[in-house]
$ cat upload24.cif   # mmCIF, C-alpha atoms
data_run
loop_
_atom_site.label_atom_id
_atom_site.label_comp_id
_atom_site.auth_asym_id
_atom_site.auth_seq_id
_atom_site.Cartn_x
_atom_site.Cartn_y
_atom_site.Cartn_z
CA MET A 1 125.97 9.53 130.78
CA LYS A 2 128.58 7.04 129.61
CA ILE A 3 130.51 7.53 132.82
CA THR A 4 127.37 6.93 134.84
CA THR A 5 126.66 3.74 132.91
CA LEU A 6 130.22 2.57 133.35
CA LEU A 7 130.10 3.32 137.05
CA THR A 8 126.82 1.47 137.40
CA LEU A 9 128.23 -1.50 135.53
CA ALA A 10 131.33 -1.44 137.71
CA MET A 11 129.13 -1.34 140.81
CA ILE A 12 127.02 -4.23 139.57
CA ALA A 13 130.17 -6.16 138.68
CA ALA A 14 131.63 -5.54 142.13
CA ALA A 15 128.39 -6.55 143.81
CA SER A 16 128.08 -9.74 141.75
CA GLN A 17 131.65 -10.60 142.57
CA ALA A 18 130.95 -10.22 146.27
CA SER A 19 127.82 -12.36 146.03
CA ALA A 20 129.56 -14.98 143.92
CA GLN A 21 132.01 -15.39 146.75
CA GLY A 22 129.07 -15.81 149.11
CA LYS A 23 130.49 -13.21 151.46
CA LEU A 24 127.88 -10.52 151.06
CA THR A 25 127.26 -9.25 154.57
CA THR A 26 124.34 -7.31 156.00
CA ASP A 27 126.56 -4.22 156.07
CA ASP A 28 127.40 -4.66 152.37
CA ILE A 29 123.68 -4.67 151.61
CA VAL A 30 123.05 -1.59 153.76
CA ASP A 31 125.96 0.27 152.14
CA SER A 32 124.87 -0.59 148.61
CA LEU A 33 121.27 0.51 149.08
CA ARG A 34 121.57 3.66 151.16
CA GLY A 35 122.23 7.07 149.69
CA LEU A 36 119.18 7.34 147.46
CA GLU A 37 119.02 10.98 146.37
CA THR A 38 115.65 11.23 144.70
CA ALA A 39 112.83 8.76 144.77
CA VAL A 40 111.61 7.44 141.44
CA GLU A 41 108.13 6.46 140.42
CA ILE A 42 108.33 2.70 139.77
CA ASN A 43 105.18 0.89 138.78
CA ALA A 44 106.05 -2.81 138.96
CA PRO A 45 103.00 -4.16 137.07
CA ALA A 46 103.61 -1.58 134.31
CA LEU A 47 107.25 -2.63 134.13
CA TYR A 48 106.21 -6.25 133.78
CA GLN A 49 103.69 -5.31 131.12
CA ARG A 50 106.36 -3.39 129.21
CA ALA A 51 108.48 -6.56 129.10
CA LEU A 52 105.50 -8.71 128.08
CA ASP A 53 104.50 -6.27 125.31
CA ARG A 54 107.98 -6.33 123.87
CA ILE A 55 108.04 -10.13 123.81
CA LYS A 56 104.72 -10.15 121.94
CA GLN A 57 105.66 -7.36 119.53
CA ALA A 58 109.18 -8.54 118.73
CA PRO A 59 109.25 -12.28 119.32
CA GLY A 60 112.25 -12.78 117.05
CA GLN A 61 114.49 -10.28 118.81
CA THR A 62 117.83 -11.89 119.68
CA PRO A 63 119.28 -11.44 123.17
CA VAL A 64 122.07 -9.20 121.86
CA GLY A 65 119.57 -7.05 119.97
CA ARG A 66 117.40 -6.31 123.00
CA PRO A 67 117.81 -2.86 124.45
CA SER A 68 117.66 -2.48 128.23
CA ILE A 69 113.97 -2.75 129.20
CA ALA A 70 114.17 -0.63 132.36
CA GLU A 71 116.92 1.94 131.88
CA GLU A 72 115.49 4.06 134.71
CA LEU A 73 116.56 1.44 137.25
CA ASN A 74 120.23 1.55 136.35
CA LYS A 75 121.06 4.79 138.10
CA LEU A 76 119.56 3.79 141.46
CA PRO A 77 121.46 2.36 144.47
CA GLN A 78 121.43 -1.40 144.01
CA LEU A 79 123.19 -4.71 144.33
CA THR A 80 122.95 -8.23 143.02
CA VAL A 81 122.25 -10.97 145.53
CA GLU A 82 122.58 -14.69 145.11
CA ILE A 83 119.35 -16.56 145.78
CA GLN A 84 119.15 -20.15 144.56
CA PHE A 85 115.85 -21.56 143.32
CA HIS A 86 114.95 -25.09 142.37
CA LEU A 87 114.99 -25.66 138.61
CA ASP A 88 111.95 -24.19 136.82
CA SER A 89 110.42 -23.36 140.17
CA ALA A 90 109.83 -20.40 142.47
CA VAL A 91 110.84 -22.42 145.53
CA ILE A 92 113.86 -20.89 147.26
CA GLN A 93 116.52 -23.44 148.18
CA PRO A 94 117.28 -23.71 151.92
CA GLN A 95 120.94 -22.85 151.22
CA SER A 96 119.72 -19.34 150.39
CA TYR A 97 117.70 -18.78 153.58
CA LYS A 98 120.71 -17.15 155.18
CA ALA A 99 120.93 -14.67 152.31
CA LEU A 100 117.23 -13.87 152.84
CA GLY A 101 117.94 -13.38 156.55
CA ARG A 102 120.78 -11.00 155.71
CA ILE A 103 118.53 -8.98 153.43
CA ALA A 104 115.93 -8.82 156.21
CA ASP A 105 118.57 -7.75 158.74
CA ALA A 106 119.65 -5.01 156.30
CA LEU A 107 116.10 -3.79 155.65
CA TRP A 108 115.54 -3.52 159.43
CA HIS A 109 118.73 -1.51 159.84
CA PRO A 110 118.08 2.11 160.96
CA TYR A 111 119.78 3.45 157.80
CA LEU A 112 117.30 1.63 155.55
CA LEU A 113 114.23 1.68 157.78
CA GLU A 114 112.34 4.10 155.54
CA TYR A 115 113.55 2.73 152.23
CA ARG A 116 111.31 1.16 149.64
CA ILE A 117 113.01 -1.66 147.78
CA LEU A 118 112.36 -3.21 144.40
CA VAL A 119 113.19 -6.92 144.11
CA VAL A 120 113.92 -7.77 140.47
CA GLY A 121 114.09 -11.35 139.28
CA HIS A 122 116.05 -12.25 136.13
CA THR A 123 116.51 -15.53 134.27
CA ASP A 124 119.00 -16.53 131.60
CA ALA A 125 117.87 -16.97 128.01
CA SER A 126 117.27 -20.74 127.96
CA GLY A 127 113.69 -21.64 127.19
CA LYS A 128 110.83 -19.43 126.11
CA ARG A 129 110.90 -15.69 126.80
CA GLU A 130 107.35 -15.42 128.09
CA TYR A 131 107.79 -18.45 130.34
CA ASN A 132 110.98 -16.93 131.73
CA LEU A 133 109.22 -13.66 132.38
CA LYS A 134 106.49 -15.42 134.38
CA LEU A 135 109.02 -17.57 136.25
CA SER A 136 111.11 -14.56 137.26
CA GLN A 137 108.00 -12.77 138.53
CA ARG A 138 107.04 -15.77 140.66
CA ARG A 139 110.58 -15.92 142.02
CA ALA A 140 110.64 -12.22 142.89
CA ASP A 141 107.22 -12.68 144.54
CA ALA A 142 108.57 -15.60 146.63
CA ILE A 143 111.42 -13.42 147.92
CA ARG A 144 109.01 -10.61 148.71
CA GLU A 145 106.71 -13.04 150.51
CA ALA A 146 109.51 -14.36 152.74
CA LEU A 147 110.70 -10.84 153.58
CA THR A 148 107.25 -9.48 154.37
CA THR A 149 105.82 -12.50 156.24
CA THR A 150 108.61 -14.51 157.89
CA PHE A 151 110.74 -11.45 158.63
CA ARG A 152 107.86 -8.96 158.81
CA ILE A 153 109.29 -6.20 156.67
CA PRO A 154 106.22 -3.96 156.15
CA GLY A 155 104.62 -4.89 152.83
CA ARG A 156 104.55 -1.35 151.51
CA ARG A 157 108.36 -1.31 151.64
CA VAL A 158 108.93 -4.17 149.20
CA VAL A 159 107.86 -4.32 145.55
CA ALA A 160 108.61 -7.31 143.31
CA VAL A 161 108.93 -7.58 139.56
CA GLY A 162 110.24 -10.21 137.16
CA LEU A 163 111.98 -9.15 133.96
CA GLY A 164 112.71 -12.65 132.63
CA GLU A 165 115.49 -12.54 130.08
CA GLU A 166 114.69 -8.99 128.96
CA GLN A 167 117.58 -7.37 130.85
CA LEU A 168 120.50 -9.78 130.55
CA GLN A 169 123.68 -9.05 132.42
CA ASP A 170 125.75 -10.74 129.71
CA ALA A 171 123.80 -10.61 126.45
CA ALA A 172 126.73 -12.02 124.48
CA ASN A 173 126.44 -15.21 126.54
CA PRO A 174 122.68 -15.38 127.00
CA ARG A 175 122.75 -18.71 128.85
CA ALA A 176 125.53 -17.76 131.23
CA ALA A 177 124.84 -18.25 134.96
CA VAL A 178 125.60 -14.58 135.62
CA ASN A 179 122.27 -13.74 133.97
CA ARG A 180 120.29 -15.67 136.58
CA ARG A 181 120.21 -13.14 139.35
CA VAL A 182 118.18 -11.12 141.78
CA GLN A 183 118.67 -7.37 142.10
CA LEU A 184 117.71 -5.28 145.09
CA ILE A 185 117.16 -1.66 144.12
CA ALA A 186 116.38 1.31 146.38
CA ILE A 187 113.50 3.13 144.73
CA GLY A 188 112.14 5.51 147.33
CA LYS A 189 111.42 6.37 150.92
CA LEU A 190 108.22 6.09 152.91
CA MET B 1 110.37 -6.32 213.09
CA PRO B 2 108.28 -3.71 211.29
CA ARG B 3 106.69 -5.09 208.23
CA ARG B 4 108.05 -2.40 205.87
CA LEU B 5 111.66 -3.31 206.58
CA THR B 6 111.04 -6.91 205.63
CA GLN B 7 109.57 -5.78 202.34
CA ILE B 8 112.57 -3.61 201.58
CA ARG B 9 114.94 -6.44 202.34
CA TYR B 10 112.86 -8.72 200.15
CA LEU B 11 113.09 -6.24 197.32
CA ALA B 12 116.84 -5.85 197.75
CA PHE B 13 117.27 -9.58 197.41
CA SER B 14 114.88 -10.05 194.55
CA PHE B 15 116.14 -7.19 192.38
CA PRO B 16 119.32 -8.94 191.20
CA LEU B 17 117.31 -12.11 190.76
CA LEU B 18 114.82 -10.26 188.56
CA LEU B 19 117.68 -8.85 186.50
CA ILE B 20 118.98 -12.35 185.87
CA LEU B 21 115.52 -13.63 185.00
CA PHE B 22 114.96 -10.87 182.48
CA SER B 23 118.41 -10.87 180.96
CA VAL B 24 118.34 -14.53 180.00
CA PRO B 25 115.45 -14.38 177.51
CA ALA B 26 116.76 -11.01 176.30
CA ALA B 27 120.07 -12.61 175.41
CA ALA B 28 118.28 -15.38 173.55
CA GLN B 29 116.44 -12.77 171.52
CA THR B 30 119.52 -11.08 170.11
CA MET B 31 119.94 -13.66 167.34
CA GLY B 32 119.90 -12.01 163.94
CA PHE B 33 117.66 -13.17 161.10
CA ALA B 34 120.62 -14.42 159.05
CA GLU B 35 121.93 -16.35 162.02
CA ALA B 36 118.48 -17.81 162.72
CA ALA B 37 118.08 -18.88 159.10
CA ASP B 38 121.51 -20.47 159.22
CA LYS B 39 120.61 -22.38 162.35
CA LEU B 40 117.41 -23.67 160.78
CA VAL B 41 119.19 -24.91 157.66
CA ALA B 42 122.05 -26.49 159.62
CA ALA B 43 119.58 -28.52 161.67
CA CYS B 44 116.84 -29.10 159.10
CA GLY B 45 118.40 -28.73 155.62
CA ASP B 46 118.32 -32.46 154.85
CA ASP B 47 114.84 -32.85 156.37
CA ILE B 48 113.55 -30.01 154.21
CA ASP B 49 115.01 -31.64 151.09
CA ALA B 50 113.48 -34.99 152.03
CA ASN B 51 110.03 -33.85 153.23
CA CYS B 52 109.32 -30.28 152.16
CA LYS B 53 111.09 -29.88 148.83
CA GLY B 54 108.40 -27.94 146.98
CA VAL B 55 107.63 -25.71 149.95
CA ASN B 56 108.63 -22.07 150.30
CA LEU B 57 109.77 -20.39 153.49
CA GLY B 58 107.28 -17.52 153.59
CA ASN B 59 103.77 -17.24 155.00
CA GLY B 60 104.39 -19.94 157.60
CA ARG B 61 104.59 -22.64 154.94
CA MET B 62 107.92 -24.19 155.91
CA SER B 63 107.07 -24.13 159.58
CA ALA B 64 103.74 -25.85 158.84
CA CYS B 65 105.42 -28.47 156.65
CA LEU B 66 108.01 -29.38 159.28
CA ASN B 67 105.23 -29.50 161.82
CA LYS B 68 103.20 -31.86 159.66
CA ASN B 69 106.24 -34.11 159.19
CA ARG B 70 107.56 -33.92 162.73
CA ASP B 71 107.52 -37.70 163.12
CA ARG B 72 109.72 -38.09 160.04
CA ILE B 73 112.30 -35.37 160.57
CA SER B 74 115.61 -35.82 162.41
CA ALA B 75 115.82 -35.39 166.19
CA ASN B 76 118.11 -32.40 165.71
CA CYS B 77 115.60 -30.66 163.46
CA GLN B 78 112.73 -31.53 165.81
CA GLN B 79 114.55 -29.85 168.66
CA THR B 80 115.45 -26.79 166.63
CA TYR B 81 112.84 -25.65 164.13
CA ALA B 82 110.04 -24.49 166.42
CA ALA B 83 112.43 -22.47 168.60
CA VAL B 84 114.06 -20.86 165.55
CA PHE B 85 110.74 -19.85 163.99
CA ALA B 86 109.53 -18.56 167.37
CA GLY B 87 112.77 -16.60 167.78
CA ILE B 88 112.42 -15.03 164.32
CA GLU B 89 108.81 -14.14 165.03
CA ARG B 90 109.61 -12.68 168.45
CA ARG B 91 112.34 -10.47 167.04
CA ALA B 92 110.23 -9.43 164.06
CA GLN B 93 107.36 -8.48 166.39
CA ALA B 94 109.76 -6.60 168.64
CA ARG B 95 111.18 -4.67 165.68
CA THR B 96 107.69 -3.79 164.52
CA ALA B 97 106.79 -2.53 168.00
CA VAL B 98 109.94 -0.75 169.15
CA LEU B 99 109.21 2.73 167.80
CA LYS B 100 105.68 2.67 169.13
CA ILE B 101 106.85 1.63 172.59
CA CYS B 102 109.60 4.27 172.52
CA ASP B 103 107.40 7.03 171.11
CA VAL B 104 107.26 9.16 174.27
CA ASP B 105 111.00 8.77 174.86
CA ALA B 106 111.75 9.61 171.23
CA ARG B 107 109.72 12.82 171.34
CA ARG B 108 111.54 13.84 174.48
CA LEU B 109 115.06 12.80 173.50
CA CYS B 110 115.11 13.03 169.72
CA GLY B 111 112.24 15.33 168.84
CA GLY B 112 114.45 18.19 167.72
CA VAL B 113 116.89 16.30 165.51
CA ALA B 114 115.26 13.24 164.06
CA LYS B 115 112.66 13.25 161.29
CA GLY B 116 111.97 9.84 159.82
CA ASP B 117 111.67 6.48 161.62
CA GLY B 118 115.26 5.53 160.76
CA GLN B 119 116.67 8.72 162.22
CA VAL B 120 114.53 8.36 165.33
CA LEU B 121 115.73 4.82 165.85
CA GLU B 122 119.34 5.83 165.24
CA CYS B 123 118.98 8.63 167.78
CA MET B 124 117.41 6.29 170.32
CA LEU B 125 120.19 3.74 169.87
CA THR B 126 122.88 6.35 170.54
CA ALA B 127 121.05 8.09 173.41
CA SER B 128 122.72 6.76 176.52
CA LYS B 129 120.79 8.61 179.20
CA GLY B 130 117.17 9.14 180.02
CA ILE B 131 115.65 6.18 178.18
CA SER B 132 112.75 4.66 180.10
CA PRO B 133 113.15 1.02 181.20
CA LYS B 134 110.23 0.02 178.98
CA CYS B 135 111.79 1.53 175.86
CA SER B 136 115.20 0.19 176.80
CA GLN B 137 113.76 -3.32 177.10
CA ALA B 138 112.01 -2.93 173.73
CA ILE B 139 115.31 -2.00 172.07
CA THR B 140 116.95 -5.05 173.61
CA ASP B 141 114.08 -7.33 172.59
CA ALA B 142 114.36 -6.05 169.04
CA GLY B 143 118.02 -7.03 169.01
CA TYR B 144 119.22 -3.54 168.24
CA ARG B 145 121.84 -3.79 170.96
#

$ encode --input "upload24.cif" --output "structure tokens"
Amino acid sequence: MKITTLLTLAMIAAASQASAQGKLTTDDIVDSLRGLETAVEINAPALYQRALDRIKQAPGQTPVGRPSIAEELNKLPQLTVEIQFHLDSAVIQPQSYKALGRIADALWHPYLLEYRILVVGHTDASGKREYNLKLSQRRADAIREALTTTFRIPGRRVVAVGLGEEQLQDAANPRAAVNRRVQLIAIGKL
Amino acid sequence: MPRRLTQIRYLAFSFPLLLILFSVPAAAQTMGFAEAADKLVAACGDDIDANCKGVNLGNGRMSACLNKNRDRISANCQQTYAAVFAGIERRAQARTAVLKICDVDARRLCGGVAKGDGQVLECMLTASKGISPKCSQAITDAGYR
């Protein structure tokens, strides 16, 4: 279990490094997402609700004290992509259109053609938790919308959820930029 | 001269011409989505910031916004955006349609090995012989080769 977690963290770290350098290619995305062994049952609205319930039940919880809200996602094939949004907004900046195009190219690749993908939006811990949760959902929805309309990835292949600041990458530095991220996770096949 | 001979000669001349006619748009269609997005932003990035800042890409919104502001955007963007969006749409449509168009070929050539859509497509892309012209054109239109 610890080894798995470490491996997952190493994979996420490697993926974030690649995206930070802005060199994430379509093939990188394909390679990171393929190889799903068993599909998992992911209910995006229920996942969102789980995060919202926790915020309401434990409003005083510090970032460091928050356990991972969606542990079941950690063992799935995934990567972190860099998508820039305008401040406090779900509008994707034009500089990130190319990254969207690369994701679309990857999702149309024969290796991933049957894959169902979860888009997860995360914020850092500045501002209110519930606001961040809503913002990250709107951002994940905007990515899903671009993929399924502009690039015509079939809608049933893409699910979007926002987890706000409930699953920080670097809880010790809750406002660090590394926390503001988008994950793509392979969750199943058609 | 018998009429049939003239027709054959006509065909012989027009065949290469037809090939050229069809290969030009096919080449234009091979642009990837990432490349298309890059082209749009290179030509229209500043115009988007100036005129369409709160507008998202999806659901035809950015295309509609640039269209609405076409008198205000740069000449470069004016010349580029419609073609880029049309190119993206054409490729996306072609990708949606390719397996349907190639269905008969796929059953014949890949029926025994391939199960899911991805495997079928993979098989079709590696099959070198026996693909019908219609399916072959669909694969080209989709930018898979």

$ resolve_selection --input "upload24.cif" --expression "the PyMOL selection byres ((chain A) within 8 of (chain B))" --output "list in words"
Val91, Ile92, Pro94, Gln95, Tyr97, Lys98, Ala99, Leu100, Gly101, Arg102, Ala104, Asp105, Trp108, His109, Pro110, Tyr111, Leu112, Leu113, Glu114, Ala142, Glu145, Ala146, Leu147, Thr149, Thr150, Phe151 and Arg152 of chain A

$ atom_distance --input "upload24.cif" --atom1 "CA of Ser68 in chain A" --atom2 "CA of Thr38 in chain A"
21.5 Å

$ atom_distance --input "upload24.cif" --atom1 "CA of Leu87 in chain A" --atom2 "CA of Thr148 in chain A"
23.9 Å

$ residues_around --input "upload24.cif" --residues "Pro45 in chain A" --least-positions-apart "6" --cutoff "10 Å" --atoms "all atoms listed in the file" --output "ChimeraX atom specification"
/A:51,159-162

$ atom_distance --input "upload24.cif" --atom1 "CA of Cys135 in chain B" --atom2 "CA of Cys102 in chain B"
4.8 Å

$ residues_around --input "upload24.cif" --residues "Thr62 in chain A" --least-positions-apart "5" --cutoff "12 Å" --atoms "all atoms listed in the file" --output "PyMOL selection string"
chain A and resi 55+67+125+129+165-166+168+171-174

$ build_atoms --input "upload24.cif" --residues "range 64-87 of chain A" --atoms "N, CA, C and O atoms" --output "compact mmCIF listing (two decimals), in the coordinates of the input"
# COMPACT_ATOMS: atom_id res chain seq x y z
N VAL A 64 121.13 -10.30 122.05
CA VAL A 64 122.07 -9.20 121.86
C VAL A 64 121.34 -7.95 121.34
O VAL A 64 121.71 -6.82 121.65
N GLY A 65 120.28 -8.18 120.57
CA GLY A 65 119.57 -7.05 119.97
C GLY A 65 118.55 -6.38 120.88
O GLY A 65 117.88 -5.43 120.47
N ARG A 66 118.41 -6.89 122.11
CA ARG A 66 117.40 -6.31 123.00
C ARG A 66 117.96 -5.13 123.79
O ARG A 66 118.91 -5.30 124.55
N PRO A 67 117.35 -3.97 123.62
CA PRO A 67 117.81 -2.86 124.45
C PRO A 67 117.35 -3.07 125.90
O PRO A 67 116.43 -3.86 126.16
N SER A 68 118.01 -2.40 126.82
CA SER A 68 117.66 -2.48 128.23
C SER A 68 116.18 -2.13 128.40
O SER A 68 115.72 -1.13 127.88
N ILE A 69 115.43 -2.95 129.10
CA ILE A 69 113.97 -2.75 129.20
C ILE A 69 113.61 -1.74 130.29
O ILE A 69 112.54 -1.13 130.25
N ALA A 70 114.50 -1.54 131.25
CA ALA A 70 114.17 -0.63 132.36
C ALA A 70 115.39 0.22 132.69
O ALA A 70 115.98 0.11 133.77
N GLU A 71 115.73 1.08 131.74
CA GLU A 71 116.92 1.94 131.88
C GLU A 71 116.85 2.79 133.15
O GLU A 71 117.88 3.06 133.78
N GLU A 72 115.63 3.17 133.54
CA GLU A 72 115.49 4.06 134.71
C GLU A 72 115.98 3.44 136.01
O GLU A 72 116.22 4.14 137.00
N LEU A 73 116.11 2.10 136.02
CA LEU A 73 116.56 1.44 137.25
C LEU A 73 118.08 1.51 137.43
O LEU A 73 118.59 1.42 138.54
N ASN A 74 118.77 1.70 136.30
CA ASN A 74 120.23 1.55 136.35
C ASN A 74 120.95 2.57 137.21
O ASN A 74 122.03 2.33 137.70
N LYS A 75 120.35 3.74 137.36
CA LYS A 75 121.06 4.79 138.10
C LYS A 75 120.76 4.78 139.60
O LYS A 75 121.28 5.61 140.35
N LEU A 76 119.95 3.83 140.04
CA LEU A 76 119.56 3.79 141.46
C LEU A 76 120.52 2.93 142.29
O LEU A 76 121.15 2.02 141.76
N PRO A 77 120.62 3.21 143.61
CA PRO A 77 121.46 2.36 144.47
C PRO A 77 120.97 0.92 144.43
O PRO A 77 119.77 0.67 144.60
N GLN A 78 121.88 -0.01 144.20
CA GLN A 78 121.43 -1.40 144.01
C GLN A 78 122.57 -2.38 144.21
O GLN A 78 123.73 -2.01 144.27
N LEU A 79 122.19 -3.64 144.31
CA LEU A 79 123.19 -4.71 144.33
C LEU A 79 122.55 -6.00 143.83
O LEU A 79 121.32 -6.12 143.77
N THR A 80 123.41 -6.92 143.45
CA THR A 80 122.95 -8.23 143.02
C THR A 80 123.16 -9.21 144.16
O THR A 80 124.23 -9.23 144.76
N VAL A 81 122.11 -9.97 144.48
CA VAL A 81 122.25 -10.97 145.53
C VAL A 81 122.08 -12.36 144.93
O VAL A 81 121.46 -12.52 143.87
N GLU A 82 122.65 -13.33 145.61
CA GLU A 82 122.58 -14.69 145.11
C GLU A 82 121.50 -15.45 145.87
O GLU A 82 121.64 -15.71 147.07
N ILE A 83 120.42 -15.74 145.19
CA ILE A 83 119.35 -16.56 145.78
C ILE A 83 119.16 -17.74 144.84
O ILE A 83 118.91 -17.56 143.65
N GLN A 84 119.28 -18.94 145.38
CA GLN A 84 119.15 -20.15 144.56
C GLN A 84 117.72 -20.67 144.61
O GLN A 84 117.15 -20.80 145.69
N PHE A 85 117.19 -20.96 143.42
CA PHE A 85 115.85 -21.56 143.32
C PHE A 85 115.99 -22.97 142.76
O PHE A 85 116.96 -23.27 142.06
N HIS A 86 114.99 -23.80 143.03
CA HIS A 86 114.95 -25.09 142.37
C HIS A 86 114.69 -24.85 140.88
O HIS A 86 114.11 -23.83 140.50
N LEU A 87 115.12 -25.79 140.05
CA LEU A 87 114.99 -25.66 138.61
C LEU A 87 113.53 -25.45 138.19
O LEU A 87 112.66 -26.18 138.67
